[in-house]
>>> print(open('data.txt').read())   # compact mmCIF, C-alpha atoms
# COMPACT_ATOMS: atom_id res chain seq x y z
CA GLY A 228 -9.10 -8.15 19.27
CA GLN A 229 -6.34 -6.43 21.12
CA ASN A 230 -4.89 -2.95 21.26
CA ILE A 231 -1.26 -2.82 22.33
CA ASP A 232 0.48 0.49 22.82
CA GLN A 233 4.14 1.17 23.50
CA PRO A 234 6.39 4.15 22.77
CA THR A 235 7.94 4.23 19.34
CA GLU A 236 11.43 5.22 20.37
CA MET A 237 13.47 5.83 23.50
CA THR A 238 17.04 6.88 24.09
CA ALA A 239 19.19 6.26 27.13
CA THR A 240 22.77 6.48 28.28
CA GLU A 241 25.11 3.56 28.72
CA GLY A 242 25.06 2.40 32.34
CA ALA A 243 21.67 3.94 33.05
CA ILE A 244 18.28 2.37 33.70
CA VAL A 245 15.39 2.54 31.27
CA GLN A 246 11.76 1.53 31.60
CA ILE A 247 9.72 0.64 28.53
CA ASN A 248 5.97 0.71 29.09
CA CYS A 249 3.28 -1.28 27.39
CA THR A 250 -0.46 -0.89 27.78
CA TYR A 251 -2.99 -3.24 26.32
CA GLN A 252 -6.69 -3.89 26.02
CA THR A 253 -7.95 -7.40 25.62
CA SER A 254 -11.15 -9.29 26.19
CA GLY A 255 -9.46 -12.19 27.96
CA PHE A 256 -5.87 -11.98 29.10
CA ASN A 257 -3.62 -15.03 28.98
CA GLY A 258 -0.06 -13.80 29.28
CA LEU A 259 2.27 -11.03 28.21
CA PHE A 260 5.65 -11.44 26.55
CA TRP A 261 8.62 -9.21 26.00
CA TYR A 262 10.98 -9.88 23.13
CA GLN A 263 14.18 -8.22 22.01
CA GLN A 264 14.78 -7.82 18.31
CA HIS A 265 17.96 -6.51 16.73
CA ALA A 266 17.66 -5.05 13.25
CA GLY A 267 17.31 -7.74 10.61
CA GLU A 268 17.11 -10.54 13.14
CA ALA A 269 14.36 -12.63 14.66
CA PRO A 270 12.94 -11.78 18.08
CA THR A 271 14.49 -13.38 21.11
CA PHE A 272 12.45 -14.18 24.18
CA LEU A 273 13.05 -12.04 27.26
CA SER A 274 10.17 -12.63 29.66
CA TYR A 275 6.69 -13.96 30.19
CA ASN A 276 4.23 -12.64 32.79
CA VAL A 277 0.85 -14.11 33.49
CA LEU A 278 0.42 -13.07 37.13
CA ASP A 279 0.71 -9.62 38.63
CA GLY A 280 4.07 -8.57 39.92
CA LEU A 281 7.70 -8.24 39.03
CA GLU A 282 9.80 -10.92 37.41
CA GLU A 283 13.53 -10.33 37.59
CA LYS A 284 16.06 -11.98 35.34
CA GLY A 285 19.52 -10.53 35.54
CA ARG A 286 19.65 -6.98 34.18
CA PHE A 287 16.10 -7.28 32.82
CA SER A 288 12.89 -7.21 34.82
CA SER A 289 9.29 -7.28 33.69
CA PHE A 290 6.26 -6.08 35.58
CA LEU A 291 2.59 -6.80 35.03
CA SER A 292 -0.64 -5.31 36.37
CA ARG A 293 -3.59 -7.13 34.88
CA SER A 294 -6.16 -4.80 36.41
CA LYS A 295 -4.49 -1.82 34.76
CA GLY A 296 -3.66 -3.55 31.49
CA TYR A 297 -0.10 -2.44 31.97
CA SER A 298 3.38 -3.88 31.82
CA TYR A 299 6.87 -2.53 31.75
CA LEU A 300 10.29 -3.86 30.90
CA LEU A 301 13.09 -2.50 33.03
CA LEU A 302 16.64 -2.64 31.74
CA LYS A 303 19.44 -1.89 34.20
CA GLU A 304 23.11 -1.13 33.63
CA LEU A 305 22.47 -0.44 30.00
CA GLN A 306 25.03 -1.61 27.48
CA MET A 307 25.49 -0.52 23.89
CA LYS A 308 24.39 -3.96 22.74
CA ASP A 309 20.99 -3.34 24.33
CA SER A 310 20.20 -1.01 21.43
CA ALA A 311 17.37 -2.90 19.78
CA SER A 312 13.63 -2.99 19.35
CA TYR A 313 11.65 -4.31 22.31
CA LEU A 314 8.36 -5.94 21.48
CA CYS A 315 5.47 -6.31 23.88
CA ALA A 316 3.13 -9.16 22.94
CA VAL A 317 -0.17 -10.14 24.56
CA ARG A 318 -1.92 -13.46 24.38
CA GLU A 319 -5.66 -13.83 24.65
CA GLU A 320 -7.55 -16.66 26.28
CA GLY A 321 -7.94 -19.61 23.97
CA SER A 322 -5.07 -18.53 21.75
CA TYR A 323 -1.53 -19.86 21.73
CA ILE A 324 -0.07 -17.09 19.63
CA PRO A 325 0.32 -13.60 21.11
CA THR A 326 -0.35 -10.39 19.24
CA PHE A 327 2.69 -8.17 18.95
CA GLY A 328 2.88 -4.46 19.53
CA ARG A 329 4.85 -2.26 17.14
CA GLY A 330 7.90 -2.34 19.33
CA THR A 331 9.96 0.32 21.04
CA SER A 332 13.25 1.19 19.41
CA LEU A 333 15.80 1.74 22.17
CA ILE A 334 18.95 3.65 21.36
CA VAL A 335 21.74 3.44 23.92
CA HIS A 336 24.44 6.07 23.52
CA PRO A 337 27.77 6.45 25.28
CA GLY B 170 17.89 -25.01 23.27
CA ALA B 171 15.55 -25.49 20.36
CA VAL B 172 16.86 -24.19 17.05
CA VAL B 173 14.85 -23.08 14.06
CA SER B 174 16.52 -22.30 10.77
CA GLN B 175 15.30 -20.49 7.68
CA HIS B 176 16.56 -20.60 4.15
CA PRO B 177 17.39 -18.44 2.38
CA SER B 178 18.34 -15.65 4.75
CA TRP B 179 17.77 -13.16 1.98
CA VAL B 180 16.49 -13.26 -1.57
CA ILE B 181 16.07 -10.77 -4.39
CA CYS B 182 13.71 -11.64 -7.20
CA LYS B 183 11.99 -10.09 -10.16
CA SER B 184 8.35 -9.12 -10.06
CA GLY B 185 6.11 -11.96 -11.13
CA THR B 186 8.35 -14.78 -10.01
CA SER B 187 7.72 -17.16 -7.11
CA VAL B 188 9.92 -17.53 -4.09
CA LYS B 189 10.04 -20.43 -1.64
CA ILE B 190 11.20 -19.98 1.95
CA GLU B 191 12.00 -22.97 4.13
CA CYS B 192 11.63 -23.18 7.87
CA ARG B 193 13.18 -26.12 9.70
CA SER B 194 13.22 -27.19 13.32
CA LEU B 195 16.68 -28.66 13.75
CA ASP B 196 16.57 -30.50 17.06
CA PHE B 197 12.91 -30.97 17.84
CA GLN B 198 9.67 -31.92 16.17
CA ALA B 199 7.42 -28.99 15.46
CA THR B 200 3.78 -29.94 15.26
CA THR B 201 2.88 -26.34 14.61
CA MET B 202 4.76 -23.62 12.80
CA PHE B 203 3.81 -20.00 12.37
CA TRP B 204 4.63 -17.57 9.58
CA TYR B 205 4.98 -13.86 10.26
CA ARG B 206 5.64 -10.85 8.09
CA GLN B 207 7.29 -7.69 9.34
CA PHE B 208 7.54 -4.44 7.43
CA PRO B 209 10.19 -1.87 8.45
CA LYS B 210 9.53 -0.40 11.87
CA GLN B 211 6.30 -2.34 12.12
CA SER B 212 5.14 -5.16 14.29
CA LEU B 213 5.28 -8.85 13.51
CA MET B 214 2.02 -9.75 11.80
CA LEU B 215 0.93 -13.37 11.92
CA MET B 216 0.14 -14.59 8.43
CA ALA B 217 -0.77 -18.20 9.02
CA THR B 218 -0.54 -21.18 11.32
CA SER B 219 0.78 -24.35 9.80
CA ASN B 220 0.06 -27.79 11.26
CA GLU B 221 1.91 -30.87 10.08
CA GLY B 222 -0.12 -32.89 7.64
CA SER B 223 -3.03 -30.49 7.38
CA LYS B 224 -3.97 -27.26 5.64
CA ALA B 225 -2.68 -24.02 7.03
CA THR B 226 -4.96 -21.59 8.79
CA TYR B 227 -4.61 -18.10 7.39
CA GLU B 228 -5.22 -14.86 9.20
CA GLN B 229 -7.80 -12.45 7.92
CA GLY B 230 -6.57 -10.49 4.95
CA VAL B 231 -3.84 -12.93 3.96
CA GLU B 232 -4.38 -14.47 0.52
CA LYS B 233 -3.91 -18.21 0.78
CA ASP B 234 -3.48 -18.57 -3.00
CA LYS B 235 -0.66 -16.07 -2.97
CA PHE B 236 1.13 -17.34 0.13
CA LEU B 237 1.23 -21.09 -0.19
CA ILE B 238 2.17 -22.96 2.95
CA ASN B 239 3.15 -26.59 3.12
CA HIS B 240 3.99 -28.43 6.34
CA ALA B 241 4.94 -31.80 4.98
CA SER B 242 6.92 -33.11 7.94
CA LEU B 243 7.42 -32.46 11.62
CA THR B 244 10.59 -30.53 10.91
CA LEU B 245 9.84 -28.59 7.74
CA SER B 246 7.37 -25.95 6.67
CA THR B 247 7.63 -23.92 3.49
CA LEU B 248 6.15 -20.60 2.47
CA THR B 249 5.93 -19.86 -1.24
CA VAL B 250 5.22 -16.31 -2.30
CA THR B 251 3.64 -16.71 -5.71
CA SER B 252 3.82 -14.04 -8.41
CA ALA B 253 5.71 -11.75 -6.08
CA HIS B 254 5.32 -8.00 -6.41
CA PRO B 255 7.33 -5.15 -4.87
CA GLU B 256 4.72 -4.71 -2.13
CA ASP B 257 5.53 -8.25 -0.96
CA SER B 258 9.03 -7.12 -0.07
CA SER B 259 9.30 -7.73 3.65
CA PHE B 260 10.99 -9.68 6.41
CA TYR B 261 9.41 -13.11 6.75
CA ILE B 262 9.92 -14.94 10.03
CA CYS B 263 8.81 -18.40 11.02
CA SER B 264 8.45 -19.80 14.49
CA ALA B 265 7.79 -23.27 15.79
CA LYS B 266 6.03 -24.85 18.71
CA GLY B 267 7.39 -28.12 20.04
CA SER B 268 5.38 -31.30 20.12
CA GLY B 269 6.15 -32.12 23.72
CA GLY B 270 7.91 -30.81 26.78
CA GLY B 271 9.10 -27.27 27.20
CA LYS B 272 7.11 -24.40 28.53
CA PRO B 273 3.56 -24.18 27.20
CA TYR B 274 4.02 -20.63 25.94
CA GLU B 275 7.30 -21.20 24.17
CA GLN B 276 7.73 -20.57 20.49
CA PHE B 277 11.11 -20.63 18.83
CA PHE B 278 11.81 -18.12 16.09
CA GLY B 279 13.85 -18.61 12.97
CA PRO B 280 16.38 -15.96 11.91
CA GLY B 281 14.10 -14.53 9.23
CA THR B 282 14.24 -14.15 5.46
CA ARG B 283 14.56 -10.75 3.83
CA LEU B 284 12.63 -10.73 0.55
CA THR B 285 13.16 -7.93 -1.95
CA VAL B 286 11.06 -7.91 -5.09
CA LEU B 287 12.30 -5.68 -7.88
>>> encode(input="data.txt", output="structure tokens")
Amino acid sequence: GQNIDQPTEMTATEGAIVQINCTYQTSGFNGLFWYQQHAGEAPTFLSYNVLDGLEEKGRFSSFLSRSKGYSYLLLKELQMKDSASYLCAVREEGSYIPTFGRGTSLIVHP
Amino acid sequence: GAVVSQHPSWVICKSGTSVKIECRSLDFQATTMFWYRQFPKQSLMLMATSNEGSKATYEQGVEKDKFLINHASLTLSTLTVTSAHPEDSSFYICSAKGSGGGKPYEQFFGPGTRLTVL
């Protein structure tokens, strides 16, 4: 089984930078995903990390440390539309489907 | 990109009735589809994995006689909530895995179906 932990809620100011952390425990790691989910909508894929390091994609970056069981999602130049829930999901060896964390609700205010 | 649709997008029903939710892959063949349930401010919980032409594999704690899954073709899977009760009210989301090409980790999510049981 897996144990995925991320903060329940965060707030930030438009234009700022925010880092959303995710820690996990798993018996055999096979990839970590970040998804964005607006209220009442399906998740949309943001990033996938399987090796240690930072993956940058526009305003969003995702970092992974397998030895520490730790990842973060970094959002730069925050916009109001970035207000959403951000889900960390971890996949175990031998499994295609990741297990989702509870998500971090990000509120961006002017 | 790959598109997955769900129908209906929302449904309200009386307690005791059955509700069918459809999940379709519009521009690709989905050998495997997944059904999730999400309660407010909770995580997505995998309910079952549906493979075309075979019986679905249910996660522990999910009643297969209550949540009937049929994956009759490579583009359609259905979830029927039988004898629905208010505690079944939730957001049901399907996702699909393509049969070839694409990234190995990719799954494409449908827009979800909001079920409210009165």
>>> closest_residue(input="data.txt", among="A:Ile244, A:Leu302, A:Ala266, A:Ile231", to="Gly281 in chain B", atoms="only C-alpha atoms")
A:Ala266
>>> interface_residues(input="data.txt", of="chain B", to="chain A", cutoff="12 Å", atoms="all atoms listed in the file", output="count of residues only")
46
>>> atom_distance(input="data.txt", atom1="CA of Lys308 in chain A", atom2="CA of Ala171 in chain B")
23.4 Å
>>> residues_around(input="data.txt", residues="Thr244 in chain B", least_positions_apart="5", cutoff="7 Å", atoms="only C-alpha atoms", output="ChimeraX atom specification")
/B:193-195,198-199
>>> closest_residue(input="data.txt", among="A:Leu278, A:Leu259, A:Leu291, A:Leu333", to="Val245 in chain A", atoms="all atoms listed in the file")
A:Leu333
>>> atom_distance(input="data.txt", atom1="CA of Ser187 in chain B", atom2="CA of Phe236 in chain B")
9.8 Å
>>> residues_around(input="data.txt", residues="Asp257 in chain B", least_positions_apart="4", cutoff="9 Å", atoms="only C-alpha atoms", output="ChimeraX atom specification")
/B:250,253,284-286
>>> closest_residue(input="data.txt", among="A:Tyr251, A:Tyr262, A:Phe290, A:Phe256", to="Gln233 in chain A", atoms="only C-alpha atoms")
A:Tyr251
>>> closest_residue(input="data.txt", among="B:Thr247, B:Asp234, B:Asp196, B:Ser258", to="Ser219 in chain B", atoms="all atoms listed in the file")
B:Thr247
>>> residues_around(input="data.txt", residues="Gln252 in chain A", least_positions_apart="4", cutoff="10 Å", atoms="only C-alpha atoms", output="JSON, numbers by chain")
{"A": [228, 229, 230, 231, 232, 256, 293, 295, 296, 297, 317]}
>>> atom_distance(input="data.txt", atom1="CA of Val335 in chain A", atom2="CA of Asn276 in chain A")
25.4 Å
>>> residues_around(input="data.txt", residues="Leu301 in chain A", least_positions_apart="4", cutoff="10 Å", atoms="all atoms listed in the file", output="PyMOL selection string")
chain A and resi 244-248+281+283+286-290
>>> write_last_selection(input="data.txt", atoms="C-alpha atoms", output="mmCIF file, in the frame of the given file")
data_model
loop_
_atom_site.group_PDB
_atom_site.id
_atom_site.type_symbol
_atom_site.label_atom_id
_atom_site.label_comp_id
_atom_site.auth_asym_id
_atom_site.auth_seq_id
_atom_site.Cartn_x
_atom_site.Cartn_y
_atom_site.Cartn_z
ATOM 1 C CA ILE A 244 18.280 2.370 33.700
ATOM 2 C CA VAL A 245 15.390 2.540 31.270
ATOM 3 C CA GLN A 246 11.760 1.530 31.600
ATOM 4 C CA ILE A 247 9.720 0.640 28.530
ATOM 5 C CA ASN A 248 5.970 0.710 29.090
ATOM 6 C CA LEU A 281 7.700 -8.240 39.030
ATOM 7 C CA GLU A 283 13.530 -10.330 37.590
ATOM 8 C CA ARG A 286 19.650 -6.980 34.180
ATOM 9 C CA PHE A 287 16.100 -7.280 32.820
ATOM 10 C CA SER A 288 12.890 -7.210 34.820
ATOM 11 C CA SER A 289 9.290 -7.280 33.690
ATOM 12 C CA PHE A 290 6.260 -6.080 35.580
#
>>> residues_around(input="data.txt", residues="His336 in chain A", least_positions_apart="4", cutoff="8 Å", atoms="only C-alpha atoms", output="ChimeraX atom specification")
/A:238-241,307
>>> decode(input="data.txt", residues="range 176-189 of chain B", atoms="all heavy atoms", output="compact mmCIF listing (two decimals), in the first residue's frame")
# COMPACT_ATOMS: atom_id res chain seq x y z
N HIS B 176 -21.35 10.44 -20.10
CA HIS B 176 -22.73 10.86 -20.18
C HIS B 176 -23.55 10.08 -19.17
O HIS B 176 -23.40 8.86 -19.07
CB HIS B 176 -23.28 10.60 -21.60
CG HIS B 176 -24.72 10.97 -21.73
ND1 HIS B 176 -25.15 12.27 -21.91
CD2 HIS B 176 -25.84 10.21 -21.68
CE1 HIS B 176 -26.47 12.28 -21.97
NE2 HIS B 176 -26.91 11.06 -21.85
N PRO B 177 -24.40 10.73 -18.39
CA PRO B 177 -24.63 12.17 -18.39
C PRO B 177 -23.56 12.91 -17.59
O PRO B 177 -22.76 12.28 -16.91
CB PRO B 177 -26.00 12.27 -17.71
CG PRO B 177 -26.01 11.12 -16.76
CD PRO B 177 -25.27 10.00 -17.45
N SER B 178 -23.55 14.20 -17.66
CA SER B 178 -22.60 14.98 -16.86
C SER B 178 -23.11 15.12 -15.43
O SER B 178 -22.32 15.30 -14.50
CB SER B 178 -22.37 16.36 -17.48
OG SER B 178 -23.60 17.03 -17.66
N TRP B 179 -24.42 15.07 -15.29
CA TRP B 179 -24.99 15.06 -13.94
C TRP B 179 -26.33 14.34 -13.98
O TRP B 179 -27.00 14.31 -15.01
CB TRP B 179 -25.15 16.47 -13.37
CG TRP B 179 -26.03 17.36 -14.17
CD1 TRP B 179 -25.69 18.19 -15.18
CD2 TRP B 179 -27.47 17.49 -14.02
NE1 TRP B 179 -26.78 18.83 -15.69
CE2 TRP B 179 -27.89 18.44 -14.99
CE3 TRP B 179 -28.42 16.93 -13.17
CZ2 TRP B 179 -29.23 18.81 -15.12
CZ3 TRP B 179 -29.76 17.31 -13.31
CH2 TRP B 179 -30.14 18.24 -14.28
N VAL B 180 -26.69 13.75 -12.87
CA VAL B 180 -27.96 13.04 -12.78
C VAL B 180 -28.46 13.07 -11.35
O VAL B 180 -27.68 12.94 -10.40
CB VAL B 180 -27.82 11.58 -13.30
CG1 VAL B 180 -26.75 10.83 -12.53
CG2 VAL B 180 -29.14 10.84 -13.26
N ILE B 181 -29.78 13.27 -11.24
CA ILE B 181 -30.44 13.22 -9.93
C ILE B 181 -31.46 12.10 -10.00
O ILE B 181 -32.25 12.03 -10.96
CB ILE B 181 -31.13 14.56 -9.61
CG1 ILE B 181 -30.12 15.70 -9.60
CG2 ILE B 181 -31.86 14.47 -8.27
CD1 ILE B 181 -30.74 17.08 -9.47
N CYS B 182 -31.45 11.23 -9.02
CA CYS B 182 -32.38 10.11 -9.06
C CYS B 182 -32.94 9.85 -7.67
O CYS B 182 -32.39 10.33 -6.66
CB CYS B 182 -31.71 8.85 -9.62
SG CYS B 182 -30.48 8.14 -8.51
N LYS B 183 -34.00 9.08 -7.65
CA LYS B 183 -34.61 8.71 -6.37
C LYS B 183 -33.90 7.48 -5.79
O LYS B 183 -33.39 6.63 -6.53
CB LYS B 183 -36.09 8.41 -6.56
CG LYS B 183 -36.94 9.61 -6.91
CD LYS B 183 -38.41 9.22 -7.02
CE LYS B 183 -39.27 10.42 -7.35
NZ LYS B 183 -40.71 10.04 -7.49
N SER B 184 -33.94 7.38 -4.51
CA SER B 184 -33.34 6.24 -3.82
C SER B 184 -34.01 4.95 -4.29
O SER B 184 -35.23 4.90 -4.44
CB SER B 184 -33.52 6.41 -2.31
OG SER B 184 -32.86 5.39 -1.62
N GLY B 185 -33.20 3.96 -4.58
CA GLY B 185 -33.73 2.68 -5.02
C GLY B 185 -33.69 2.46 -6.51
O GLY B 185 -33.85 1.34 -6.99
N THR B 186 -33.48 3.52 -7.25
CA THR B 186 -33.44 3.39 -8.71
C THR B 186 -32.00 3.09 -9.15
O THR B 186 -31.06 3.21 -8.37
CB THR B 186 -33.92 4.65 -9.42
OG1 THR B 186 -33.09 5.75 -9.02
CG2 THR B 186 -35.37 4.96 -9.04
N SER B 187 -31.87 2.70 -10.42
CA SER B 187 -30.55 2.41 -10.99
C SER B 187 -30.16 3.49 -11.98
O SER B 187 -31.02 4.04 -12.66
CB SER B 187 -30.55 1.04 -11.68
OG SER B 187 -30.76 0.02 -10.73
N VAL B 188 -28.89 3.77 -12.02
CA VAL B 188 -28.39 4.82 -12.90
C VAL B 188 -27.23 4.28 -13.72
O VAL B 188 -26.32 3.64 -13.17
CB VAL B 188 -27.89 6.03 -12.07
CG1 VAL B 188 -27.24 7.07 -12.97
CG2 VAL B 188 -29.04 6.64 -11.29
N LYS B 189 -27.25 4.54 -15.01
CA LYS B 189 -26.17 4.08 -15.89
C LYS B 189 -25.36 5.28 -16.35
O LYS B 189 -25.90 6.28 -16.81
CB LYS B 189 -26.73 3.36 -17.10
CG LYS B 189 -25.62 2.85 -18.05
CD LYS B 189 -26.17 2.25 -19.32
CE LYS B 189 -26.69 0.87 -19.11
NZ LYS B 189 -27.04 0.20 -20.39
